[in-house]
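Data block for input-v6.csv (CSV, C-alpha atoms):
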```csv
chain,number,residue,atom,x,y,z
A,27,MET,CA,-21.9,-25.8,7.7
A,28,ASN,CA,-18.5,-26.4,9.2
A,29,ILE,CA,-17.5,-22.7,9.3
A,30,SER,CA,-19.3,-19.7,10.7
A,31,ARG,CA,-22.0,-18.1,8.6
A,32,LYS,CA,-20.2,-14.7,9.0
A,33,ILE,CA,-17.0,-16.0,7.6
A,34,ALA,CA,-18.8,-17.9,4.8
A,35,ALA,CA,-20.5,-14.6,3.8
A,36,SER,CA,-17.1,-12.9,3.9
A,37,LEU,CA,-15.6,-15.5,1.6
A,38,GLU,CA,-18.3,-14.8,-1.0
A,39,GLY,CA,-17.0,-11.3,-1.2
A,40,ALA,CA,-13.3,-12.2,-0.8
A,41,SER,CA,-10.5,-10.1,-2.2
A,42,PHE,CA,-10.6,-9.4,-6.0
A,43,ILE,CA,-6.9,-9.0,-5.8
A,44,ARG,CA,-6.2,-12.6,-4.7
A,45,LYS,CA,-8.7,-13.9,-7.2
A,46,MET,CA,-6.9,-12.2,-10.0
A,47,PHE,CA,-3.5,-13.3,-8.8
A,48,GLU,CA,-4.8,-16.9,-8.8
A,49,GLU,CA,-6.1,-16.4,-12.3
A,50,GLY,CA,-2.6,-15.2,-13.2
A,51,GLU,CA,-1.1,-18.5,-12.0
A,52,ARG,CA,-3.6,-20.4,-14.2
A,53,LEU,CA,-2.8,-18.3,-17.3
A,54,ARG,CA,1.0,-18.6,-16.8
A,55,ALA,CA,0.7,-22.3,-16.8
A,56,ILE,CA,-1.1,-22.1,-20.2
A,57,PHE,CA,0.7,-19.3,-22.0
A,58,GLY,CA,4.0,-18.9,-20.2
A,59,ALA,CA,5.0,-16.2,-17.8
A,60,ASP,CA,6.3,-13.9,-20.5
A,61,ARG,CA,2.9,-13.7,-22.2
A,62,VAL,CA,0.8,-13.0,-19.1
A,63,TYR,CA,0.7,-9.4,-17.8
A,64,ASP,CA,-0.3,-9.7,-14.2
A,65,PHE,CA,-0.8,-6.3,-12.6
A,66,SER,CA,-3.1,-7.6,-9.8
A,67,LEU,CA,-0.9,-7.8,-6.7
A,68,GLY,CA,1.2,-5.1,-5.0
A,69,ASN,CA,4.1,-7.5,-4.5
A,70,PRO,CA,7.4,-5.6,-5.0
A,71,SER,CA,9.6,-7.1,-7.8
A,72,GLU,CA,12.6,-4.9,-6.8
A,73,GLU,CA,15.1,-6.7,-4.6
A,74,PRO,CA,15.8,-5.2,-1.1
A,75,PRO,CA,18.6,-2.7,-0.9
A,76,ALA,CA,22.1,-4.0,-0.6
A,77,ALA,CA,22.3,-2.8,3.0
A,78,ILE,CA,19.6,-5.3,3.9
A,79,HIS,CA,21.7,-8.2,2.6
A,80,ALA,CA,24.9,-6.9,4.3
A,81,GLU,CA,23.1,-6.5,7.7
A,82,LEU,CA,21.6,-10.0,7.4
A,83,GLN,CA,25.0,-11.5,6.6
A,84,LYS,CA,26.4,-9.7,9.6
A,85,LEU,CA,23.8,-11.1,11.9
A,86,ALA,CA,24.3,-14.6,10.5
A,87,LEU,CA,28.1,-14.5,10.9
A,88,SER,CA,28.2,-12.6,14.2
A,89,PRO,CA,25.0,-13.5,16.0
A,90,ILE,CA,24.0,-11.5,19.1
A,91,PRO,CA,23.8,-13.7,22.2
A,92,GLY,CA,20.1,-14.4,23.0
A,93,MET,CA,18.9,-12.9,19.7
A,94,HIS,CA,16.2,-15.6,19.2
A,95,ARG,CA,14.8,-15.5,22.7
A,96,TYR,CA,11.6,-14.0,23.9
A,97,MET,CA,11.6,-10.2,24.1
A,98,PRO,CA,9.4,-7.5,25.7
A,99,ASN,CA,5.9,-7.5,24.0
A,100,ALA,CA,6.5,-4.1,22.5
A,101,GLY,CA,9.7,-5.2,20.8
A,102,TYR,CA,13.3,-4.6,21.3
A,103,GLN,CA,14.1,-1.3,22.9
A,104,GLU,CA,16.8,-0.4,20.5
A,105,THR,CA,14.6,-1.1,17.5
A,106,ARG,CA,11.8,1.0,18.9
A,107,ALA,CA,14.3,3.8,19.7
A,108,ALA,CA,15.5,3.7,16.1
A,109,VAL,CA,12.0,4.1,14.8
A,110,ALA,CA,11.3,6.9,17.3
A,111,ARG,CA,14.3,8.9,16.2
A,112,VAL,CA,13.1,9.0,12.6
A,113,LEU,CA,9.6,9.9,13.6
A,114,ALA,CA,10.8,12.6,16.0
A,115,ARG,CA,13.0,14.1,13.3
A,116,GLU,CA,10.2,14.1,10.7
A,117,ALA,CA,7.5,15.4,13.0
A,118,SER,CA,9.6,17.7,15.2
A,119,LEU,CA,8.0,16.1,18.2
A,120,PRO,CA,9.5,14.3,21.3
A,121,VAL,CA,8.6,10.8,20.0
A,122,GLU,CA,10.4,8.2,22.2
A,123,ALA,CA,10.8,4.4,22.1
A,124,ASP,CA,7.9,4.1,24.6
A,125,HIS,CA,5.6,5.5,21.9
A,126,VAL,CA,6.4,2.6,19.5
A,127,VAL,CA,5.2,-1.0,19.3
A,128,MET,CA,6.9,-3.3,16.8
A,129,THR,CA,4.3,-5.3,14.9
A,130,CYS,CA,3.8,-8.1,12.3
A,131,GLY,CA,3.5,-5.7,9.4
A,132,ALA,CA,1.0,-2.8,8.8
A,133,GLY,CA,-1.9,-5.3,8.9
A,134,GLY,CA,-0.9,-6.3,12.4
A,135,ALA,CA,-0.4,-2.7,13.4
A,136,LEU,CA,-3.9,-1.8,12.3
A,137,ASN,CA,-5.5,-4.7,14.1
A,138,VAL,CA,-3.6,-3.9,17.3
A,139,ALA,CA,-4.8,-0.3,17.1
A,140,LEU,CA,-8.4,-1.1,16.4
A,141,LYS,CA,-8.6,-3.7,19.1
A,142,ALA,CA,-7.3,-1.2,21.6
A,143,ILE,CA,-9.6,1.7,20.8
A,144,LEU,CA,-12.9,0.2,19.6
A,145,ASP,CA,-16.0,-0.6,21.6
A,146,PRO,CA,-18.8,-2.6,19.9
A,147,GLY,CA,-20.7,-0.4,17.4
A,148,ASP,CA,-18.0,2.3,17.1
A,149,GLU,CA,-17.6,3.7,13.6
A,150,VAL,CA,-14.3,3.9,11.7
A,151,ILE,CA,-14.4,6.2,8.6
A,152,VAL,CA,-12.6,5.2,5.5
A,153,ILE,CA,-12.3,7.2,2.2
A,154,THR,CA,-13.3,5.4,-1.0
A,155,PRO,CA,-11.5,4.1,-2.8
A,156,TYR,CA,-9.7,2.2,-0.1
A,157,PHE,CA,-7.9,-1.1,0.7
A,158,MET,CA,-10.8,-3.3,1.4
A,159,GLU,CA,-9.1,-5.4,4.1
A,160,TYR,CA,-9.9,-2.4,6.4
A,161,ARG,CA,-13.5,-3.5,6.4
A,162,PHE,CA,-12.5,-6.9,7.8
A,163,TYR,CA,-10.0,-5.4,10.3
A,164,VAL,CA,-12.7,-3.1,11.7
A,165,ASP,CA,-15.2,-5.9,11.9
A,166,ASN,CA,-12.7,-8.1,13.7
A,167,HIS,CA,-13.0,-5.8,16.7
A,168,GLY,CA,-16.7,-5.0,16.7
A,169,GLY,CA,-16.5,-1.8,14.8
A,170,VAL,CA,-18.5,-0.6,11.8
A,171,ILE,CA,-17.0,0.8,8.6
A,172,ARG,CA,-18.4,4.1,7.4
A,173,GLU,CA,-17.4,4.9,3.8
A,174,VAL,CA,-17.0,8.5,2.6
A,175,PRO,CA,-16.2,9.1,-1.1
A,176,ALA,CA,-13.1,11.0,-1.9
A,177,GLY,CA,-13.4,14.4,-3.5
A,178,ASP,CA,-11.7,15.9,-6.6
A,179,ASN,CA,-8.5,14.1,-7.6
A,180,PHE,CA,-9.2,11.5,-4.9
A,181,LEU,CA,-8.3,13.9,-2.0
A,182,PRO,CA,-10.4,13.7,1.2
A,183,ASP,CA,-13.5,15.7,1.0
A,184,LEU,CA,-13.6,17.7,4.3
A,185,ASP,CA,-17.2,18.7,3.9
A,186,ALA,CA,-18.3,15.1,3.4
A,187,LEU,CA,-16.2,14.0,6.4
A,188,ALA,CA,-17.8,16.7,8.5
A,189,GLU,CA,-21.2,15.2,7.6
A,190,ALA,CA,-20.0,11.7,8.4
A,191,VAL,CA,-18.3,12.3,11.8
A,192,ASN,CA,-20.9,11.6,14.6
A,193,GLN,CA,-21.1,10.5,18.2
A,194,ARG,CA,-20.2,6.9,17.3
A,195,THR,CA,-17.0,7.9,15.3
A,196,ARG,CA,-13.9,6.6,17.0
A,197,ALA,CA,-11.3,6.8,14.2
A,198,LEU,CA,-10.5,7.6,10.6
A,199,ILE,CA,-8.1,5.5,8.6
A,200,LEU,CA,-6.1,7.6,6.1
A,201,ASN,CA,-3.8,5.9,3.5
A,202,SER,CA,-1.3,8.2,1.9
A,203,PRO,CA,0.3,7.6,-0.5
A,204,ASN,CA,-2.9,5.9,-1.4
A,205,ASN,CA,-3.7,2.4,-2.5
A,206,PRO,CA,-5.2,2.2,-5.1
A,207,THR,CA,-4.8,5.8,-6.5
A,208,GLY,CA,-1.2,6.7,-5.7
A,209,VAL,CA,-2.4,10.1,-4.4
A,210,VAL,CA,-0.4,11.9,-1.7
A,211,TYR,CA,-2.5,14.0,0.8
A,212,PRO,CA,-1.0,17.5,1.2
A,213,ALA,CA,-0.4,19.1,4.6
A,214,ALA,CA,-3.4,21.4,4.1
A,215,VAL,CA,-5.8,18.4,4.1
A,216,PHE,CA,-4.3,17.2,7.5
A,217,ASP,CA,-4.6,20.7,8.9
A,218,GLY,CA,-8.2,21.0,7.8
A,219,LEU,CA,-9.0,17.6,9.2
A,220,GLN,CA,-7.4,18.5,12.6
A,221,GLU,CA,-9.6,21.6,12.8
A,222,LEU,CA,-12.7,19.5,11.9
A,223,LEU,CA,-11.9,16.7,14.4
A,224,ALA,CA,-11.1,19.2,17.2
A,225,ASP,CA,-14.6,20.7,16.7
A,226,ARG,CA,-16.3,17.3,16.7
A,227,GLU,CA,-14.4,16.0,19.7
A,228,LYS,CA,-15.6,19.0,21.7
A,229,LYS,CA,-19.2,18.6,20.4
A,230,PHE,CA,-19.4,14.9,21.2
A,231,ASP,CA,-17.0,14.8,24.2
A,232,ARG,CA,-15.2,11.9,22.5
A,233,MET,CA,-11.6,11.3,21.4
A,234,ILE,CA,-11.3,10.6,17.7
A,235,TYR,CA,-8.1,9.0,16.3
A,236,VAL,CA,-6.6,9.3,12.9
A,237,ILE,CA,-4.8,6.1,12.0
A,238,ALA,CA,-2.3,6.8,9.2
A,239,ASP,CA,-1.6,3.6,7.2
A,240,GLU,CA,1.7,4.5,5.6
A,241,PRO,CA,3.5,1.5,4.0
A,242,TYR,CA,4.2,3.6,0.9
A,243,ALA,CA,5.5,6.7,2.6
A,244,LYS,CA,9.0,6.4,1.2
A,245,LEU,CA,7.8,5.5,-2.3
A,246,VAL,CA,7.1,9.0,-3.7
A,247,TYR,CA,8.1,10.7,-7.0
A,248,ASP,CA,8.8,14.1,-8.6
A,249,GLY,CA,9.9,15.8,-5.5
A,250,VAL,CA,6.6,15.1,-3.6
A,251,THR,CA,6.9,14.7,0.1
A,252,VAL,CA,4.6,12.9,2.5
A,253,PRO,CA,3.6,15.3,5.4
A,254,PRO,CA,4.2,13.8,8.8
A,255,VAL,CA,0.8,13.2,10.2
A,256,MET,CA,1.9,13.6,13.8
A,257,ARG,CA,2.9,17.1,13.1
A,258,HIS,CA,-0.5,18.1,11.8
A,259,ILE,CA,-3.0,15.9,13.8
A,260,LYS,CA,-3.0,15.7,17.5
A,261,ASN,CA,-4.5,12.2,18.0
A,262,ALA,CA,-2.4,10.5,15.4
A,263,LEU,CA,-1.4,6.8,15.2
A,264,VAL,CA,1.1,5.7,12.5
A,265,ALA,CA,0.8,2.1,11.2
A,266,THR,CA,3.4,1.0,8.7
A,267,SER,CA,5.6,-1.8,7.5
A,268,HIS,CA,8.9,-2.3,5.6
A,269,SER,CA,7.1,-4.4,3.0
A,270,LYS,CA,7.3,-1.8,0.3
A,271,ASP,CA,10.2,0.6,1.0
A,272,LEU,CA,12.7,-2.1,2.0
A,273,GLY,CA,11.2,-4.8,-0.3
A,274,LEU,CA,10.4,-7.2,2.6
A,275,PRO,CA,6.7,-8.1,2.3
A,276,GLY,CA,7.2,-11.7,3.2
A,277,GLU,CA,9.0,-10.8,6.5
A,278,ARG,CA,6.0,-9.0,8.0
A,279,ILE,CA,7.9,-6.4,9.9
A,280,GLY,CA,6.3,-3.1,10.8
A,281,TYR,CA,5.4,-0.9,13.7
A,282,LEU,CA,2.6,1.2,15.3
A,283,ALA,CA,3.5,4.6,16.8
A,284,ALA,CA,1.4,7.0,18.8
A,285,SER,CA,1.8,10.7,18.9
A,286,PRO,CA,3.2,12.0,22.2
A,287,ARG,CA,0.5,14.7,22.0
A,288,ILE,CA,-2.3,12.2,22.7
A,289,ASP,CA,-3.9,12.7,26.1
A,290,SER,CA,-3.1,9.8,28.4
A,291,VAL,CA,-0.7,8.4,25.8
A,292,ASP,CA,0.9,6.1,28.4
A,293,LEU,CA,-2.4,4.4,29.0
A,294,LEU,CA,-2.9,4.0,25.2
A,295,MET,CA,0.5,2.4,24.9
A,296,GLN,CA,-0.3,-0.1,27.6
A,297,ALA,CA,-3.5,-1.0,25.7
A,298,LEU,CA,-1.5,-1.4,22.4
A,299,ILE,CA,1.1,-3.6,24.0
A,300,PHE,CA,-1.6,-5.7,25.6
A,301,THR,CA,-3.6,-6.1,22.3
A,302,ASN,CA,-0.4,-6.9,20.4
A,303,ARG,CA,0.1,-9.8,22.8
A,304,THR,CA,-3.5,-11.1,23.2
A,305,LEU,CA,-4.3,-11.0,19.5
A,306,GLY,CA,-1.6,-13.6,19.0
A,307,PHE,CA,0.9,-11.5,17.2
A,308,VAL,CA,2.9,-11.4,20.4
A,309,ASN,CA,6.1,-10.0,18.8
A,310,ALA,CA,7.3,-8.9,15.5
A,311,PRO,CA,9.9,-11.4,14.2
A,312,ALA,CA,13.1,-11.1,16.3
A,313,LEU,CA,15.5,-11.4,13.4
A,314,MET,CA,13.7,-8.7,11.4
A,315,GLN,CA,13.7,-6.3,14.3
A,316,ARG,CA,17.5,-6.7,14.6
A,317,LEU,CA,17.8,-6.3,10.9
A,318,VAL,CA,15.9,-3.1,10.4
A,319,ALA,CA,17.0,-1.3,13.5
A,320,PRO,CA,20.2,0.2,11.9
A,321,LEU,CA,18.4,0.8,8.6
A,322,GLU,CA,15.4,3.0,9.7
A,323,GLY,CA,15.4,6.1,7.5
A,324,LEU,CA,17.4,4.4,4.8
A,325,PRO,CA,17.0,6.3,1.5
A,326,ILE,CA,15.1,4.3,-1.1
A,327,ASP,CA,15.8,4.2,-4.8
A,328,VAL,CA,12.4,4.9,-6.4
A,329,ALA,CA,13.8,5.3,-10.0
A,330,PRO,CA,12.7,1.8,-11.1
A,331,TYR,CA,9.1,2.3,-10.0
A,332,ARG,CA,9.1,5.8,-11.5
A,333,GLU,CA,10.2,4.4,-14.8
A,334,LYS,CA,7.5,1.8,-14.9
A,335,ARG,CA,4.9,4.4,-13.8
A,336,ASP,CA,5.8,6.7,-16.6
A,337,ILE,CA,5.8,4.0,-19.3
A,338,LEU,CA,2.4,2.7,-18.3
A,339,TYR,CA,0.8,6.1,-17.5
A,340,ASN,CA,2.0,7.7,-20.8
A,341,HIS,CA,0.9,4.7,-22.9
A,342,LEU,CA,-2.5,4.5,-21.3
A,343,ILE,CA,-3.1,8.2,-21.5
A,344,ALA,CA,-2.2,8.1,-25.2
A,345,LEU,CA,-4.8,5.3,-25.7
A,346,GLY,CA,-7.5,7.6,-24.1
A,347,TYR,CA,-7.6,6.4,-20.5
A,348,ARG,CA,-8.3,8.9,-17.8
A,349,MET,CA,-6.6,8.8,-14.4
A,350,VAL,CA,-4.8,10.9,-11.8
A,351,LYS,CA,-1.0,10.6,-12.2
A,352,PRO,CA,0.3,8.8,-9.1
A,353,GLN,CA,2.5,10.8,-6.8
A,354,GLY,CA,3.5,7.7,-4.8
A,355,ALA,CA,3.1,4.0,-4.2
A,356,PHE,CA,3.0,1.8,-7.3
A,357,TYR,CA,-0.5,1.8,-8.6
A,358,LEU,CA,-2.5,3.3,-11.4
A,359,PHE,CA,-6.3,3.8,-10.9
A,360,PRO,CA,-7.8,4.7,-14.3
A,361,ARG,CA,-11.5,5.0,-15.1
A,362,SER,CA,-12.8,2.0,-16.8
A,363,PRO,CA,-13.5,2.6,-20.6
A,364,ILE,CA,-16.8,1.0,-20.1
A,365,PRO,CA,-19.0,1.7,-17.1
A,366,ASP,CA,-19.0,-2.0,-15.8
A,367,ASP,CA,-15.5,-2.5,-14.4
A,368,LEU,CA,-16.1,-6.2,-14.0
A,369,ALA,CA,-16.9,-6.5,-17.7
A,370,PHE,CA,-13.7,-4.5,-18.5
A,371,VAL,CA,-11.6,-6.7,-16.3
A,372,ASP,CA,-13.0,-9.8,-18.2
A,373,LEU,CA,-12.2,-8.1,-21.5
A,374,ALA,CA,-8.7,-7.3,-20.5
A,375,ARG,CA,-8.2,-10.9,-19.3
A,376,LYS,CA,-8.8,-12.1,-22.9
A,377,HIS,CA,-5.6,-10.3,-23.7
A,378,ASN,CA,-3.8,-11.8,-20.7
A,379,ILE,CA,-3.9,-8.5,-18.9
A,380,LEU,CA,-4.8,-9.0,-15.3
A,381,VAL,CA,-6.1,-5.9,-13.3
A,382,VAL,CA,-8.4,-5.5,-10.4
A,383,PRO,CA,-11.9,-4.0,-10.7
A,384,GLY,CA,-12.5,-0.7,-8.9
A,385,ARG,CA,-15.4,-2.2,-6.9
A,386,GLY,CA,-12.7,-4.2,-5.1
A,387,PHE,CA,-11.7,-0.9,-3.5
A,388,GLY,CA,-15.2,0.5,-3.0
A,389,ARG,CA,-15.2,2.5,-6.2
A,390,PRO,CA,-17.0,0.8,-9.2
A,391,GLY,CA,-16.2,2.2,-12.7
A,392,TYR,CA,-12.5,2.2,-12.2
A,393,PHE,CA,-9.7,-0.5,-12.2
A,394,ARG,CA,-6.4,-0.8,-10.5
A,395,LEU,CA,-3.1,-2.0,-11.9
A,396,SER,CA,0.1,-2.5,-9.9
A,397,TYR,CA,3.4,-1.6,-11.6
A,398,SER,CA,5.4,-3.4,-8.9
A,399,VAL,CA,6.1,-6.0,-11.6
A,400,PRO,CA,9.4,-6.5,-13.5
A,401,LEU,CA,10.1,-4.0,-16.2
A,402,PRO,CA,9.9,-6.6,-19.0
A,403,THR,CA,6.3,-7.3,-17.9
A,404,VAL,CA,5.4,-3.6,-18.3
A,405,GLN,CA,7.2,-3.3,-21.7
A,406,GLY,CA,5.6,-6.6,-23.0
A,407,SER,CA,2.1,-5.5,-22.0
A,408,LEU,CA,2.0,-2.5,-24.3
A,409,PRO,CA,1.0,-4.3,-27.5
A,410,ALA,CA,-1.6,-6.2,-25.4
A,411,PHE,CA,-3.0,-2.9,-24.3
A,412,ASP,CA,-3.1,-1.7,-27.9
A,413,ALA,CA,-5.0,-4.8,-28.9
A,414,LEU,CA,-7.4,-4.3,-26.0
A,415,ALA,CA,-8.0,-0.7,-27.2
A,416,GLU,CA,-9.0,-2.0,-30.6
A,417,ASP,CA,-11.6,-4.2,-29.0
A,418,LEU,CA,-12.9,-1.4,-26.9
A,419,ALA,CA,-13.2,0.9,-29.9
A,420,GLU,CA,-16.0,-1.3,-31.1
A,421,HIS,CA,-17.6,-1.9,-27.7
A,422,PRO,CA,-21.2,-0.7,-27.6
A,423,GLN,CA,-20.9,0.7,-24.0
A,424,ARG,CA,-17.5,2.5,-24.6
A,425,ARG,CA,-17.4,5.8,-22.8
A,426,VAL,CA,-17.2,8.9,-24.8
A,427,TRP,CA,-14.9,11.1,-22.7
```
Could you spell out this file's structure in structure tokens?
Amino acid sequence: MNISRKIAASLEGASFIRKMFEEGERLRAIFGADRVYDFSLGNPSEEPPAAIHAELQKLALSPIPGMHRYMPNAGYQETRAAVARVLAREASLPVEADHVVMTCGAGGALNVALKAILDPGDEVIVITPYFMEYRFYVDNHGGVIREVPAGDNFLPDLDALAEAVNQRTRALILNSPNNPTGVVYPAAVFDGLQELLADREKKFDRMIYVIADEPYAKLVYDGVTVPPVMRHIKNALVATSHSKDLGLPGERIGYLAASPRIDSVDLLMQALIFTNRTLGFVNAPALMQRLVAPLEGLPIDVAPYREKRDILYNHLIALGYRMVKPQGAFYLFPRSPIPDDLAFVDLARKHNILVVPGRGFGRPGYFRLSYSVPLPTVQGSLPAFDALAEDLAEHPQRRVW
């Protein structure tokens, strides 16, 4: 074999999301793009805000001398300071530029954090359902994933977490607003988690981090707000990107920030900057750092996503699907009408509807669809969902709710 056995095994269980996206490419070539309803990938269809284009044009027409040269490994000081000002205002904490590392997206930020804090065999808790790339990120750095099922309405189950935290626990990854459910964790959950972790840290004489993966933090609806994790949890790290809020997924620009309340935070920041360099990310893209610096905290128009959420949610509920109404992000996570989510995905594909099975997020029996697609795709899919419902009505394994 010309690749490692470990990677070969990983490829066998590779992302359902990418597999469905590739299936979409195949179907579009056969039926045409307007007759394929691809809800598989969280790839924003909305264009970046006008301020992005204006700032990009400004940089192109009036370039800053030396703007394409090497920079400090943590990123440009002015960009880090802009991030810190927003975090400090939201969390009411003295977050400074020195608490921020600019990274190649949220994925880069998570890998930088895990490399800096994990020893071989350390455990990282994730709450199912979860973004399955976390499993590979933790494994990259010698850690072990420990899955804990979410509780009612997909909120963290503090009792289950209390059972899971042990002497090998080094971190929990929290994703709110959540992919794939769209659930936003309330402040009370963070407060309860802080109380739990403080007790376990004392019991095991071991620091335990909460890594908040927050690329959807600005995409929330109906007056819901995302509690600033640094305000509620002492040992908090925030990993995020501008892939979703500013519509820049291809630019891979994000950051990792550490709470100033973390003991020996200066040493932690040295480790994060070191791992940012030695993992090969080295720096977040220079042009993107210049671009986003004056736009941190820019208000985001969520109305297009809310409209698509409401169309799909209301239509599927009327057809008998059961799900939690998303408070943020751009995903629905309904229960599969038949117990086998893979069989349901195959049945949906016969109607050119592409969704991702729940087992791709560690939660069989559900499926995820992303409404980050153009509005005509959402509207055009409704008759296909109706036809799918007719097929399901005759299915021998159809759930009786």
request  = Kindly provide, as a PyMOL selection string, the polymer residues lying within 6 Å of (-12.2, 6.6, 1.2), counting all atoms listed in the file and using the coordinates exactly as they appear in the file.
outcome  = chain A and resi 152-156+174-176
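CA of Phe216 in chain A lies 28.1 Å from CA of Ser398 in chain A.
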task = Compile the contact shell of range 85-88 of chain A as a ChimeraX atom specification: residues with an atom at most 12 Å away, counting only C-alpha atoms, same-chain residues fewer than 4 positions apart removed.
result = /A:78-81,93-94,312-318,320
ask   = What is the distance between CA of Ala108 in chain A and CA of Ala355 in chain A, in Å to one decimal?
value = 23.8 Å
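The closest residue to Ala35 in chain A, picked from A:Leu200, A:Ala139, A:Phe162, A:Gly249 and counting all atoms listed in the file, is A:Phe162.
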inquiry  = Report as a list in words all protein, DNA and RNA residues lying within 10 Å of Met46 in chain A, evaluated on only C-alpha atoms, omitting residues in the same chain fewer than 6 positions from it.
reply    = Arg52, Asp64, Phe65, Ser66, Leu67, Val371, Arg375, Leu380, Val381, Val382 and Pro383 of chain A
inquiry  = Would you pick out the contacts of Glu420 in chain A at 12 Å or less, using all atoms listed in the file, so that residues sharing its chain but fewer than 5 positions from it are not included, and give the list as a list of chain:residue names?
reply    = A:Pro363, A:Ile364, A:Ala413, A:Leu414, A:Ala415, A:Arg425
